[in-house]
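Below: final-v9.cif (mmCIF, C-alpha atoms)
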```
data_work
#
loop_
_atom_site.label_atom_id
_atom_site.label_comp_id
_atom_site.auth_asym_id
_atom_site.auth_seq_id
_atom_site.Cartn_x
_atom_site.Cartn_y
_atom_site.Cartn_z
CA LEU A 1 18.61 9.47 18.44
CA VAL A 2 14.82 8.94 18.39
CA GLU A 3 13.37 7.56 21.63
CA GLY A 4 12.21 3.97 21.12
CA ASP A 5 14.06 3.72 17.80
CA SER A 6 10.84 3.93 15.80
CA PHE A 7 8.57 6.28 13.90
CA SER A 8 5.12 6.12 12.38
CA PHE A 9 3.07 7.73 9.64
CA TYR A 10 -0.60 8.60 9.75
CA LEU A 11 -1.90 9.99 6.47
CA THR A 12 -5.30 11.57 5.92
CA LYS A 13 -7.49 10.07 3.19
CA VAL A 14 -7.70 13.31 1.18
CA ALA A 15 -4.61 14.87 -0.42
CA GLY A 16 -3.88 18.30 1.00
CA MET A 17 -6.17 17.80 4.00
CA ASN A 18 -4.74 18.85 7.36
CA GLY A 19 -4.11 16.12 9.90
CA SER A 20 -1.38 13.87 8.50
CA SER A 21 1.40 13.21 10.96
CA MET A 22 4.85 11.69 11.29
CA VAL A 23 5.38 10.57 14.87
CA LEU A 24 8.99 10.28 16.01
CA GLY A 25 9.49 7.87 18.89
CA GLY A 26 6.62 5.43 18.44
CA VAL A 27 2.94 5.76 17.65
CA ASN A 28 0.07 8.03 18.59
CA THR A 29 -2.71 5.63 19.60
CA ASN A 30 -5.29 8.32 18.77
CA TYR A 31 -4.66 7.50 15.09
CA ALA A 32 -5.30 3.75 15.47
CA ALA A 33 -8.78 2.22 15.64
CA GLY A 34 -7.31 -1.04 16.95
CA PRO A 35 -4.05 -2.81 17.78
CA PHE A 36 -1.04 -2.96 15.48
CA LYS A 37 -0.11 -6.24 13.77
CA TYR A 38 3.64 -6.58 13.22
CA TYR A 39 5.72 -8.30 10.54
CA ASN A 40 9.45 -8.93 10.68
CA LEU A 41 11.64 -7.26 8.10
CA LYS A 42 13.19 -9.45 5.46
CA SER A 43 15.66 -6.64 4.76
CA LYS A 44 16.35 -3.57 6.87
CA SER A 45 17.53 -1.55 3.89
CA TYR A 46 14.18 -1.33 2.06
CA TRP A 47 11.50 -1.89 4.73
CA LEU A 48 10.99 -5.17 2.92
CA LEU A 49 8.43 -7.73 4.15
CA ASP A 50 7.50 -11.23 3.07
CA MET A 51 4.02 -11.16 1.60
CA ALA A 52 1.78 -14.22 1.46
CA ASP A 53 -0.36 -13.07 -1.48
CA VAL A 54 -1.74 -10.21 -3.53
CA VAL A 55 -5.35 -10.69 -4.63
CA PHE A 56 -7.21 -8.40 -7.01
CA ASN A 57 -10.72 -8.90 -8.29
CA GLY A 58 -10.67 -12.44 -6.85
CA THR A 59 -7.45 -13.44 -8.63
CA SER A 60 -4.24 -14.33 -6.77
CA TYR A 61 -0.98 -12.87 -8.06
CA LYS A 62 1.27 -14.99 -5.87
CA PRO A 63 4.19 -16.28 -7.95
CA THR A 64 4.44 -20.03 -8.49
CA SER A 65 8.08 -19.85 -7.42
CA GLY A 66 10.27 -17.37 -5.62
CA ASP A 67 9.47 -14.74 -3.03
CA LEU A 68 6.55 -12.32 -2.98
CA LEU A 69 7.67 -9.16 -1.23
CA GLY A 70 6.15 -5.91 -0.04
CA ILE A 71 8.19 -2.73 0.25
CA ILE A 72 6.60 -0.20 2.60
CA ASP A 73 7.51 3.23 1.24
CA THR A 74 6.34 6.70 2.24
CA GLY A 75 8.27 8.12 -0.73
CA THR A 76 5.96 6.47 -3.27
CA SER A 77 2.51 8.02 -3.69
CA VAL A 78 0.84 5.00 -5.29
CA LEU A 79 1.04 1.21 -5.40
CA ALA A 80 3.60 -0.28 -7.77
CA GLY A 81 4.15 -3.83 -8.90
CA PRO A 82 5.73 -5.86 -11.68
CA THR A 83 4.54 -4.42 -15.00
CA LYS A 84 3.39 -7.80 -16.32
CA LEU A 85 1.12 -8.36 -13.29
CA VAL A 86 -0.14 -4.79 -13.06
CA ASP A 87 -1.10 -4.81 -16.75
CA ILE A 88 -3.26 -7.90 -16.11
CA MET A 89 -4.84 -6.27 -13.04
CA LEU A 90 -5.65 -3.07 -14.93
CA LYS A 91 -7.56 -5.01 -17.60
CA ALA A 92 -10.26 -5.57 -14.93
CA PHE A 93 -11.25 -1.93 -15.41
CA GLY A 94 -12.14 -2.53 -19.07
CA PRO A 95 -10.59 -1.57 -22.41
CA GLY A 96 -9.11 1.91 -22.44
CA LYS A 97 -9.63 2.30 -18.68
CA GLU A 98 -6.12 1.29 -17.64
CA LYS A 99 -5.29 4.71 -16.20
CA GLN A 100 -8.55 6.28 -15.09
CA VAL A 101 -12.14 5.40 -14.25
CA ASP A 102 -15.46 7.18 -14.05
CA CYS A 103 -15.52 8.62 -10.52
CA ALA A 104 -19.10 7.35 -10.06
CA GLN A 105 -17.77 3.76 -10.37
CA ILE A 106 -15.44 3.99 -7.37
CA PRO A 107 -17.83 2.27 -4.89
CA THR A 108 -18.19 -0.72 -7.24
CA LEU A 109 -14.51 -1.26 -8.04
CA PRO A 110 -12.80 -4.55 -7.09
CA ILE A 111 -11.01 -5.06 -3.78
CA LEU A 112 -7.20 -5.16 -3.83
CA SER A 113 -5.82 -7.27 -0.96
CA PHE A 114 -2.31 -7.62 0.40
CA LYS A 115 -1.71 -10.59 2.71
CA PHE A 116 1.05 -10.65 5.32
CA GLY A 117 1.21 -13.87 7.29
CA GLY A 118 -2.40 -14.81 7.93
CA ASP A 119 -3.63 -11.20 7.88
CA VAL A 120 -5.39 -9.52 4.97
CA TYR A 121 -5.24 -5.78 4.27
CA ASN A 122 -7.99 -4.75 1.87
CA LEU A 123 -8.04 -1.63 -0.25
CA LYS A 124 -11.36 -0.56 -1.73
CA GLY A 125 -11.68 1.58 -4.85
CA GLU A 126 -11.88 4.70 -2.71
CA ASP A 127 -8.48 3.74 -1.24
CA TYR A 128 -6.55 3.08 -4.48
CA VAL A 129 -8.15 5.64 -6.81
CA LEU A 130 -6.71 9.15 -6.74
CA LYS A 131 -9.08 12.07 -7.31
CA VAL A 132 -7.28 14.82 -9.20
CA ASP A 133 -8.76 18.22 -9.99
CA GLU A 134 -8.23 19.23 -13.63
CA GLY A 135 -9.69 22.68 -13.97
CA SER A 136 -13.45 22.49 -13.53
CA LYS A 137 -13.65 18.68 -13.31
CA THR A 138 -12.31 15.86 -11.16
CA VAL A 139 -10.49 12.98 -12.82
CA CYS A 140 -10.21 9.63 -11.05
CA ILE A 141 -6.87 7.93 -11.69
CA ILE A 142 -6.07 4.35 -10.70
CA GLY A 143 -3.19 4.52 -8.20
CA LEU A 144 -1.51 1.34 -9.42
CA ILE A 145 1.50 1.43 -11.73
CA GLY A 146 3.87 -1.06 -13.29
CA LEU A 147 7.43 -0.86 -12.04
CA ASP A 148 10.02 -3.57 -12.61
CA LEU A 149 12.55 -3.77 -9.81
CA PRO A 150 15.87 -5.62 -10.17
CA PRO A 151 15.46 -9.43 -10.37
CA SER A 152 17.15 -9.79 -6.97
CA PHE A 153 13.89 -8.55 -5.41
CA GLY A 154 11.84 -11.36 -6.94
CA THR A 155 8.18 -10.43 -7.27
CA ALA A 156 7.81 -7.21 -5.30
CA PHE A 157 5.09 -4.64 -4.78
CA ILE A 158 5.74 -1.18 -3.38
CA LEU A 159 3.03 -0.18 -0.93
CA GLY A 160 3.20 3.59 -0.89
CA ASP A 161 0.96 6.32 0.43
CA THR A 162 -2.10 4.70 -1.17
CA PHE A 163 -1.68 1.85 1.34
CA ILE A 164 -0.39 3.96 4.25
CA LYS A 165 -3.37 6.35 4.15
CA THR A 166 -5.59 3.34 4.88
CA TYR A 167 -3.34 1.64 7.44
CA TYR A 168 -1.49 3.65 10.07
CA THR A 169 2.09 2.38 9.73
CA HIS A 170 4.73 1.94 12.44
CA PHE A 171 8.37 1.54 11.37
CA ASP A 172 9.91 -0.20 14.38
CA VAL A 173 13.68 0.03 13.84
CA ALA A 174 14.57 -1.38 17.27
CA ASN A 175 12.71 -4.63 16.63
CA ALA A 176 13.29 -4.84 12.82
CA ARG A 177 9.59 -4.91 12.00
CA VAL A 178 6.71 -2.92 10.53
CA GLY A 179 3.23 -2.72 12.04
CA PHE A 180 -0.15 -1.77 10.59
CA ALA A 181 -3.35 -0.62 12.30
CA VAL A 182 -6.67 0.52 10.89
#
```

Just give me the structure as structure tokens.
Amino acid sequence: LVEGDSFSFYLTKVAGMNGSSMVLGGVNTNYAAGPFKYYNLKSKSYWLLDMADVVFNGTSYKPTSGDLLGIIDTGTSVLAGPTKLVDIMLKAFGPGKEKQVDCAQIPTLPILSFKFGGDVYNLKGEDYVLKVDEGSKTVCIIGLIGLDLPPSFGTAFILGDTFIKTYYTHFDVANARVGFAV
């Protein structure tokens, strides 16, 4: 029933900030700083894409066998991946820092990259760390959690709002693909 059989999500960088938008019937080019790059769906039921690699702090997390998949999901606030891999990634923040970091460290945190085809989508610390007000102070929580999906998914990462707030996302139902733009 939606014209163009597609919809898109633009999310502001700051939680609770006005300006986020769901566009029914395509995209609003005012939200995109450049063109969209599109990737064909591997499965229409989960907005599932083949991923070429996940790289964090210079280390590749591509499995030696089987598929590496990305699930694009507006219903997940953070990034989620196989617990075993996420636990290794979180060790890069230092002992006891697996859940939160000093907010002053955000600009120096490692890059987290998701590769689709030959394209790389980088998330900086400011993109994957959530700033949460707790009374009179702000706590900075790492927006990456372990979540083990059924084995039929292989190695899969859920790219939720943490990814979508950095990359304007177009869910193109008519052409069975998802597109990203800065």

Contacts of region 126-131 of chain A within 9 Å, all atoms listed in the file, excl. fewer than 4 positions in-chain, as a list in words: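 That gives Lys13, Val14, Ala15, Val78, Leu79, Gln100, Val101, Cys103, Ile106, Pro107, Leu109, Leu112, Thr138, Val139, Cys140, Ile141, Ile142, Gly143, Leu144, Thr162, Phe163, Lys165 and Thr166 of chain A.
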
Given the PyMOL selection byres ((chain A and resi 69) around 7) and the file above, list the residues it selects as a compact mmCIF listing (two decimals) with C-alpha atoms, keeping the file's coordinate frame.
```
# COMPACT_ATOMS: atom_id res chain seq x y z
CA LEU A 48 10.99 -5.17 2.92
CA LEU A 49 8.43 -7.73 4.15
CA ASP A 50 7.50 -11.23 3.07
CA MET A 51 4.02 -11.16 1.60
CA ASP A 67 9.47 -14.74 -3.03
CA LEU A 68 6.55 -12.32 -2.98
CA GLY A 70 6.15 -5.91 -0.04
CA ILE A 71 8.19 -2.73 0.25
CA THR A 155 8.18 -10.43 -7.27
CA ALA A 156 7.81 -7.21 -5.30
CA PHE A 157 5.09 -4.64 -4.78
```

The PyMOL selection byres ((chain A and resi 164) around 9) resolved against shown file, as number ranges by chain: A: 9-11, 72-74, 159-163, 165-169, 180

Create the file for the chosen residues now, containing C-alpha atoms and written as a PDB file, in the frame of the given file.
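So the final result, stored in out-v2.pdb, reads:
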```
ATOM      1  CA  PHE A   9       3.070   7.730   9.640  1.00  0.00           C
ATOM      2  CA  TYR A  10      -0.600   8.600   9.750  1.00  0.00           C
ATOM      3  CA  LEU A  11      -1.900   9.990   6.470  1.00  0.00           C
ATOM      4  CA  ILE A  72       6.600  -0.200   2.600  1.00  0.00           C
ATOM      5  CA  ASP A  73       7.510   3.230   1.240  1.00  0.00           C
ATOM      6  CA  THR A  74       6.340   6.700   2.240  1.00  0.00           C
ATOM      7  CA  LEU A 159       3.030  -0.180  -0.930  1.00  0.00           C
ATOM      8  CA  GLY A 160       3.200   3.590  -0.890  1.00  0.00           C
ATOM      9  CA  ASP A 161       0.960   6.320   0.430  1.00  0.00           C
ATOM     10  CA  THR A 162      -2.100   4.700  -1.170  1.00  0.00           C
ATOM     11  CA  PHE A 163      -1.680   1.850   1.340  1.00  0.00           C
ATOM     12  CA  LYS A 165      -3.370   6.350   4.150  1.00  0.00           C
ATOM     13  CA  THR A 166      -5.590   3.340   4.880  1.00  0.00           C
ATOM     14  CA  TYR A 167      -3.340   1.640   7.440  1.00  0.00           C
ATOM     15  CA  TYR A 168      -1.490   3.650  10.070  1.00  0.00           C
ATOM     16  CA  THR A 169       2.090   2.380   9.730  1.00  0.00           C
ATOM     17  CA  PHE A 180      -0.150  -1.770  10.590  1.00  0.00           C
TER      18      PHE A 180
END
```

Output check: residues returned by the PyMOL selection byres ((chain A and resi 28) around 10), as a PyMOL selection string: chain A and resi 7-10+21-27+29-32+168+170

Length of the CA of Val120 (chain A) to CA of Phe56 (chain A) vector [Å]: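 Going from CA of Val120 (chain A) over to CA of Phe56 (chain A), I get 12.2 Å.
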